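Take a look at the structure set out below.
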Amino acid sequence: MNEMINVALPKGRLGDKAYEILERSGYPCPAMKEDNRKLTFENPEIGVRYFLVKPSDVAVYVERGAADIGIAGKDILLEYRPDVYELLDLKMGRCRMCVAGPKDFRDDPAQTLRVATKFPNIARAYYSGLSREIELIHLNGSIELAPLVGLSDVIVDIVETGKTLYENGLAPLAEIVDISARLIANKASFKFKGDALRALCRQMERTMNL
Amino acid sequence: MHNLRADERISIELREMYQHCGYLPYKVNQFEEYDLYMRNKRFLTSENVLAFSDMDGKLMALKPDVTLSIVKNTKDSADTTKVSYAERVYRVPRGGKCFKEIMQTGLEVIGRVDAYTMGEVLTLAARSLAAISDRCALDVADLGIVSGILAEENLSDDLSAQILERISDKNLHGLKALCEKWNLSDRTVRRLCSLVTVYGPFEATLPIYEQMDLPPVCDQALCDLRAVLEMTRACGVKNINLDFSVVNDMNYYNGLIFSGFVDGVPESVLSGGRYDSLMRRMGRSSQAMGFAVYLDQLDRLLDRRPETDVDVLITYTDGTPMEAILAAAQKARAGGESVRVQRAGETAVRSRRTLAL
């Protein structure tokens with residue numbers, strides 16, 4: 001039986017790039033290139049269905065089996081720890097998870113460090129590894145503002161070029177981990193659609209010369 | 001049994017299967033001392049436990065797990081205990097944000113776990129999955145092979161746990177990067193990578209591991225796997241894969257370990273293995289093995305919504321004599337039909353036929 005492979009792609013640049021690789025790997029879906037507001041796109045001949053979802057939700061779709069595979073950033077995998085297989089490092093969408101703060105910041109170990117972040121679990125794990133007491137401030141955006149207005153001492157956030165940081169008088173202070181896009185798979189789907197998913201994985205590997 | 005929910009129906013079927021094989025029914029207390037779970041929180045699927053103060057001020061918990069209670073209540077003895085259970089447990093499902101009551105069925109062997117016993121437990125695990133769905137898969141591995149490979153390097157517990165996590169995620173790139181960072185020997189890296197890349201049907205995959213260049217300390221694990229393979233084959237059990245992505249915390253588990261999936265449920269519905277290490281942590285010298293089947297996910301898979309709620313809907317008005325309603329209802333029920341009686345004009349339930357009085 002030729003079953004559909006359901007693929008969750010992140011909306012935006014990373015998703016566009018991931019689709020382009022999947023297309024070149026033999027999983028095209030012309031409807032993806034139409035200019036409309038559809039969220040699902042199918043190519044029944046190839047047996048593939050794409051969903052476009054918010055990048056931070058890709059892992060949820062895959063973990064809960066709504067999608068068999070997906071493309072998710074390592075930041076999301078580290079933060080939410082979904083129970084999925086991490087099959088490939090696609091080596092794109094590269095950036096770093098960093099601690100950043102005022103350029104001249106000096107940590108005072110006698111004080112609790114105030115850390116603002118969108119990634120509380122990553123920040124907690126990092127500082128717990130250093131046995132450093134912190135106060136976590138969970139924000140949803142414009143993290144760089146927090147140290148500028150005295151909401152926090154430092155931030156834990158994704159740094160691509162560092163331009164936003166430098167323009168606001170901030171600088172990366174420590175690198176926590178390298179981030180890039182990963183191909184993830186639902187564990188149960190991997191048992192029951194294993195051949196199809198392994199074939200897709202191999203094709204992507206070949207296309208990208210990984 | 002057709003009126004039972006899927007989880008109840010499967011639970012009864014599985015309990016009968018286990019008792020048929022001599023696993024005596026076991027009932028555990030609904031509440032346990034909170035401390036039991038705090039001392040062994042990494043053994044639990046989720047570290048969150050529903051706690052409350054008992055009348056004497058003692059901190060208690062609604063049990064999130066059954067194995068720890070059974071182990072706690074079993075003394076070391078020359079005899080082997082074989083028990084089965086069906087219990088409601090309370091925990092936060094993986095990725096969930098609130099507590100849930102979960103129906104869990106399973107069995108435990110405590111005492112001497114020999115090759116026959118391991119084969120019997122694994123066979124029952126595979127048959128439990130087959131009772132749920134024809135499309136099922138049981139992934140099996142042996143932690144003795146992983147610990148044997150890791151023993152050749154002097155690794156911290158933390159690094160071993162990170163390696164296990166990458167094997168469990170089938171994360172080959174992450175495993176290689178980690179090994180490179182910590183400068184593990186080429187031979188160890190090659191062996192660990194094989195644990196990620198070599199998986200598949202039990203019968204075809206075990207010979208590959210038997211031919212592999214593994215440390216001699218892994219021989220016992222290979223023997224155990226061979227023994228359970230022979231037994232499952234003799235019992236006609238299929239759908240078993242050798243797959244090291246089921247590896248789990250080595251502080252609690254050792255030896256054979258396994259995880260079961262059914263098509264249509266996104267996460268594992270069965271997990272189990274040898275847990276002699278947990279026994280040591282709880283001051284027992286016995287060997288132990290068991291598994292649990294989580295039935296909470298099965299409703300979606302198995303419950304086909306019936307097209308009707310009842311067979312017969314009887315409606316009445318203010319003028320309908322009570323005797324007439326009663327007689328009509330009794331007549332239909334006597335014929336084996338389910339009957340709903342309600343006032344005319346109310347929102348009707350779905351029925352095969354309606355009788356307006």
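So you can find residues: chains in the structure tokens are A, B, ... in the order shown, residues in each start at 1, and ligands are numbered from 1 in order.
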Considering only C-alpha atoms, tabulate each residue of chain A that lies at most 9 Å from chain B along with its nearest interatomic pair and the corresponding distance in Å to one decimal; arrange the rows by chain and ascending residue number and present them as JSON lines.
{"residue": "A:Val60", "atom": "CA", "partner": "B:Gly95", "partner_atom": "CA", "distance": 8.6}
{"residue": "A:Val62", "atom": "CA", "partner": "B:Pro266", "partner_atom": "CA", "distance": 8.6}
{"residue": "A:Glu63", "atom": "CA", "partner": "B:Pro266", "partner_atom": "CA", "distance": 6.9}
{"residue": "A:Arg64", "atom": "CA", "partner": "B:Pro266", "partner_atom": "CA", "distance": 5.4}
{"residue": "A:Gly65", "atom": "CA", "partner": "B:Pro266", "partner_atom": "CA", "distance": 4.7}
{"residue": "A:Ala66", "atom": "CA", "partner": "B:Pro266", "partner_atom": "CA", "distance": 8.2}
{"residue": "A:Tyr80", "atom": "CA", "partner": "B:Gly95", "partner_atom": "CA", "distance": 8.1}
{"residue": "A:Arg81", "atom": "CA", "partner": "B:Gly95", "partner_atom": "CA", "distance": 8.5}
{"residue": "A:Pro82", "atom": "CA", "partner": "B:Gly95", "partner_atom": "CA", "distance": 7.1}
{"residue": "A:Asp83", "atom": "CA", "partner": "B:Asp169", "partner_atom": "CA", "distance": 7.9}
{"residue": "A:Val84", "atom": "CA", "partner": "B:Asp169", "partner_atom": "CA", "distance": 6.5}
{"residue": "A:Tyr85", "atom": "CA", "partner": "B:Asp169", "partner_atom": "CA", "distance": 4.4}
{"residue": "A:Glu86", "atom": "CA", "partner": "B:Asn171", "partner_atom": "CA", "distance": 5.0}
{"residue": "A:Leu87", "atom": "CA", "partner": "B:Asn171", "partner_atom": "CA", "distance": 5.6}
{"residue": "A:Leu88", "atom": "CA", "partner": "B:His173", "partner_atom": "CA", "distance": 6.9}
{"residue": "A:Asp89", "atom": "CA", "partner": "B:His173", "partner_atom": "CA", "distance": 6.6}
{"residue": "A:Asn186", "atom": "CA", "partner": "B:Pro266", "partner_atom": "CA", "distance": 6.9}
{"residue": "A:Lys187", "atom": "CA", "partner": "B:Glu267", "partner_atom": "CA", "distance": 6.6}
{"residue": "A:Ala188", "atom": "CA", "partner": "B:Pro266", "partner_atom": "CA", "distance": 5.3}
{"residue": "A:Ser189", "atom": "CA", "partner": "B:Pro266", "partner_atom": "CA", "distance": 7.1}
{"residue": "A:Lys191", "atom": "CA", "partner": "B:Ala137", "partner_atom": "CA", "distance": 6.9}
{"residue": "A:Phe192", "atom": "CA", "partner": "B:Asp263", "partner_atom": "CA", "distance": 6.4}
Those same residues, written as a PDB file, in the first residue's frame with N, CA and C atoms?
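Here's the written file out.pdb:
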ATOM      1  N   VAL A  60       5.728  19.567  17.657  1.00  0.00           N
ATOM      2  CA  VAL A  60       4.464  19.102  18.250  1.00  0.00           C
ATOM      3  C   VAL A  60       3.710  18.236  17.236  1.00  0.00           C
ATOM      4  N   VAL A  62       4.949  16.558  14.802  1.00  0.00           N
ATOM      5  CA  VAL A  62       5.655  15.296  14.573  1.00  0.00           C
ATOM      6  C   VAL A  62       5.523  14.384  15.791  1.00  0.00           C
ATOM      7  N   GLU A  63       5.726  14.925  16.981  1.00  0.00           N
ATOM      8  CA  GLU A  63       5.666  14.097  18.188  1.00  0.00           C
ATOM      9  C   GLU A  63       4.293  13.449  18.334  1.00  0.00           C
ATOM     10  N   ARG A  64       3.251  14.196  17.973  1.00  0.00           N
ATOM     11  CA  ARG A  64       1.887  13.665  18.146  1.00  0.00           C
ATOM     12  C   ARG A  64       1.395  12.914  16.922  1.00  0.00           C
ATOM     13  N   GLY A  65       2.244  12.736  15.942  1.00  0.00           N
ATOM     14  CA  GLY A  65       1.932  11.865  14.823  1.00  0.00           C
ATOM     15  C   GLY A  65       1.055  12.475  13.741  1.00  0.00           C
ATOM     16  N   ALA A  66       0.715  13.786  13.855  1.00  0.00           N
ATOM     17  CA  ALA A  66      -0.056  14.424  12.783  1.00  0.00           C
ATOM     18  C   ALA A  66       0.820  14.522  11.541  1.00  0.00           C
ATOM     19  N   TYR A  80      12.001  22.019  23.943  1.00  0.00           N
ATOM     20  CA  TYR A  80      10.784  21.250  24.238  1.00  0.00           C
ATOM     21  C   TYR A  80      11.031  19.755  24.410  1.00  0.00           C
ATOM     22  N   ARG A  81      12.209  19.274  24.039  1.00  0.00           N
ATOM     23  CA  ARG A  81      12.581  17.860  24.176  1.00  0.00           C
ATOM     24  C   ARG A  81      11.467  16.915  23.704  1.00  0.00           C
ATOM     25  N   PRO A  82      11.009  17.058  22.468  1.00  0.00           N
ATOM     26  CA  PRO A  82       9.969  16.141  21.991  1.00  0.00           C
ATOM     27  C   PRO A  82      10.534  14.737  21.851  1.00  0.00           C
ATOM     28  N   ASP A  83       9.657  13.743  21.997  1.00  0.00           N
ATOM     29  CA  ASP A  83      10.100  12.344  21.901  1.00  0.00           C
ATOM     30  C   ASP A  83      10.041  11.928  20.426  1.00  0.00           C
ATOM     31  N   VAL A  84      11.063  12.319  19.677  1.00  0.00           N
ATOM     32  CA  VAL A  84      11.111  12.049  18.227  1.00  0.00           C
ATOM     33  C   VAL A  84      12.507  11.549  17.862  1.00  0.00           C
ATOM     34  N   TYR A  85      12.635  10.965  16.674  1.00  0.00           N
ATOM     35  CA  TYR A  85      13.961  10.639  16.157  1.00  0.00           C
ATOM     36  C   TYR A  85      14.534  11.872  15.476  1.00  0.00           C
ATOM     37  N   GLU A  86      15.831  12.095  15.674  1.00  0.00           N
ATOM     38  CA  GLU A  86      16.505  13.212  15.000  1.00  0.00           C
ATOM     39  C   GLU A  86      17.408  12.595  13.937  1.00  0.00           C
ATOM     40  N   LEU A  87      16.919  12.543  12.693  1.00  0.00           N
ATOM     41  CA  LEU A  87      17.578  11.707  11.687  1.00  0.00           C
ATOM     42  C   LEU A  87      18.725  12.397  10.964  1.00  0.00           C
ATOM     43  N   LEU A  88      18.595  13.698  10.704  1.00  0.00           N
ATOM     44  CA  LEU A  88      19.644  14.380   9.933  1.00  0.00           C
ATOM     45  C   LEU A  88      19.884  15.778  10.466  1.00  0.00           C
ATOM     46  N   ASP A  89      21.151  16.189  10.429  1.00  0.00           N
ATOM     47  CA  ASP A  89      21.482  17.591  10.633  1.00  0.00           C
ATOM     48  C   ASP A  89      21.545  18.193   9.233  1.00  0.00           C
ATOM     49  N   ASN A 186       8.499  11.000  13.629  1.00  0.00           N
ATOM     50  CA  ASN A 186       7.694  10.404  14.687  1.00  0.00           C
ATOM     51  C   ASN A 186       8.135   8.951  14.888  1.00  0.00           C
ATOM     52  N   LYS A 187       8.272   8.545  16.141  1.00  0.00           N
ATOM     53  CA  LYS A 187       8.816   7.210  16.417  1.00  0.00           C
ATOM     54  C   LYS A 187       7.904   6.094  15.925  1.00  0.00           C
ATOM     55  N   ALA A 188       6.597   6.256  16.091  1.00  0.00           N
ATOM     56  CA  ALA A 188       5.677   5.197  15.643  1.00  0.00           C
ATOM     57  C   ALA A 188       5.620   5.160  14.117  1.00  0.00           C
ATOM     58  N   SER A 189       5.591   6.332  13.465  1.00  0.00           N
ATOM     59  CA  SER A 189       5.583   6.363  11.992  1.00  0.00           C
ATOM     60  C   SER A 189       6.804   5.647  11.444  1.00  0.00           C
ATOM     61  N   LYS A 191       8.179   3.120  12.536  1.00  0.00           N
ATOM     62  CA  LYS A 191       7.997   1.657  12.558  1.00  0.00           C
ATOM     63  C   LYS A 191       7.114   1.219  11.388  1.00  0.00           C
ATOM     64  N   PHE A 192       6.078   2.038  11.094  1.00  0.00           N
ATOM     65  CA  PHE A 192       5.056   1.561  10.160  1.00  0.00           C
ATOM     66  C   PHE A 192       5.179   2.147   8.747  1.00  0.00           C
TER      67      PHE A 192
END
Extract, using only C-alpha atoms, all DNA, RNA and protein residues at most 7 Å from stretch 171-177 of chain A, discarding same-chain residues fewer than 5 positions from it, and format them as a VMD selection string.
chain A and resid 96 to 103 165 to 166
d(atom CA of B:Ala131, atom CA of B:Leu222) in Å
28.6 Å
Pick out the residues sitting within 10 Å of B:Thr117, and hand them over as a PyMOL selection string; count only C-alpha atoms, and ignore anything fewer than 4 positions along from it in its own chain.
chain B and resi 82+109+112-113+121-123+228+231+289
Give me, as a PDB file with C-alpha atoms, in the first residue's frame, all polymer residues having an atom no more than 9 Å from B:Thr232, counting only C-alpha atoms and skipping those fewer than 2 positions away in the same chain.
ATOM      1  CA  GLY B 119      11.369 -15.254  26.591  1.00  0.00           C
ATOM      2  CA  GLU B 120       7.994 -15.685  28.270  1.00  0.00           C
ATOM      3  CA  LEU B 122       8.816 -10.854  25.784  1.00  0.00           C
ATOM      4  CA  THR B 123       6.332 -13.207  24.136  1.00  0.00           C
ATOM      5  CA  ALA B 126       4.387  -9.096  21.777  1.00  0.00           C
ATOM      6  CA  ALA B 227      17.617 -17.220  23.774  1.00  0.00           C
ATOM      7  CA  VAL B 228      14.610 -14.896  23.600  1.00  0.00           C
ATOM      8  CA  LEU B 229      14.723 -14.922  19.799  1.00  0.00           C
ATOM      9  CA  GLU B 230      14.547 -18.745  19.791  1.00  0.00           C
ATOM     10  CA  ALA B 234       9.047 -21.185  18.815  1.00  0.00           C
ATOM     11  CA  CYS B 235       5.924 -19.364  20.023  1.00  0.00           C
ATOM     12  CA  GLY B 236       5.247 -18.057  16.516  1.00  0.00           C
ATOM     13  CA  VAL B 237       5.589 -14.421  17.584  1.00  0.00           C
ATOM     14  CA  LYS B 238       6.401 -11.978  14.795  1.00  0.00           C
ATOM     15  CA  ILE B 240       9.828  -8.030  16.845  1.00  0.00           C
TER      16      ILE B 240
END
Just want the 12 Å neighbourhood of A:Glu42, counted on only C-alpha atoms, with same-chain residues fewer than 2 positions away dropped. Output as number ranges by chain.
A: 4-7, 27-33, 38-40, 44-52
Create the file for the chosen residues now, containing N, CA and C atoms and written as a CSV table (one decimal), in the first residue's frame.
chain,number,residue,atom,x,y,z
A,4,MET,N,0.6,7.9,2.3
A,4,MET,CA,1.1,9.2,2.3
A,4,MET,C,2.2,9.5,3.3
A,5,ILE,N,3.2,10.2,3.0
A,5,ILE,CA,4.1,10.7,4.0
A,5,ILE,C,3.7,12.2,4.3
A,6,ASN,N,3.4,12.4,5.6
A,6,ASN,CA,3.0,13.8,6.0
A,6,ASN,C,4.2,14.5,6.5
A,7,VAL,N,4.5,15.7,5.9
A,7,VAL,CA,5.7,16.4,6.3
A,7,VAL,C,5.3,17.8,6.8
A,27,TYR,N,10.5,14.8,-4.2
A,27,TYR,CA,9.2,14.9,-3.5
A,27,TYR,C,8.6,16.2,-3.8
A,28,PRO,N,8.3,16.5,-5.1
A,28,PRO,CA,7.8,17.8,-5.5
A,28,PRO,C,6.3,17.9,-5.2
A,29,CYS,N,5.8,19.1,-5.0
A,29,CYS,CA,4.3,19.3,-4.8
A,29,CYS,C,4.0,20.7,-5.4
A,30,PRO,N,3.7,20.7,-6.7
A,30,PRO,CA,3.6,22.0,-7.4
A,30,PRO,C,2.7,23.0,-6.7
A,31,ALA,N,1.6,22.5,-6.0
A,31,ALA,CA,0.7,23.3,-5.3
A,31,ALA,C,1.4,24.2,-4.3
A,32,MET,N,2.5,23.8,-3.8
A,32,MET,CA,3.3,24.6,-2.8
A,32,MET,C,3.7,26.0,-3.3
A,33,LYS,N,3.8,26.0,-4.7
A,33,LYS,CA,4.4,27.3,-5.3
A,33,LYS,C,3.2,28.2,-5.7
A,38,LYS,N,-3.5,28.5,1.5
A,38,LYS,CA,-3.7,27.1,1.9
A,38,LYS,C,-2.6,26.7,2.9
A,39,LEU,N,-2.9,25.8,3.8
A,39,LEU,CA,-2.0,25.3,4.8
A,39,LEU,C,-1.5,23.9,4.5
A,40,THR,N,-2.3,23.1,3.7
A,40,THR,CA,-1.8,21.8,3.4
A,40,THR,C,-1.8,21.6,1.8
A,44,PRO,N,-0.6,13.4,-4.5
A,44,PRO,CA,-0.9,12.0,-4.3
A,44,PRO,C,-0.1,11.0,-5.2
A,45,GLU,N,0.4,11.5,-6.3
A,45,GLU,CA,1.2,10.6,-7.2
A,45,GLU,C,2.5,10.2,-6.5
A,46,ILE,N,3.1,11.1,-5.9
A,46,ILE,CA,4.4,10.8,-5.2
A,46,ILE,C,4.1,10.3,-3.8
A,47,GLY,N,2.9,10.6,-3.2
A,47,GLY,CA,2.5,10.1,-1.9
A,47,GLY,C,3.1,11.0,-0.8
A,48,VAL,N,3.0,12.3,-1.0
A,48,VAL,CA,3.5,13.3,0.0
A,48,VAL,C,2.5,14.4,0.2
A,49,ARG,N,2.4,14.7,1.5
A,49,ARG,CA,1.5,15.8,1.9
A,49,ARG,C,2.3,16.8,2.8
A,50,TYR,N,2.3,18.1,2.4
A,50,TYR,CA,3.1,19.0,3.2
A,50,TYR,C,2.1,19.9,4.1
A,51,PHE,N,2.5,20.2,5.3
A,51,PHE,CA,1.8,21.2,6.1
A,51,PHE,C,2.7,22.3,6.4
A,52,LEU,N,2.2,23.5,6.4
A,52,LEU,CA,3.0,24.7,6.8
A,52,LEU,C,2.6,25.1,8.2
Find the distance between atom CA of B:Val198 and atom CA of A:Gly26 and write it in Å to one decimal.
25.6 Å
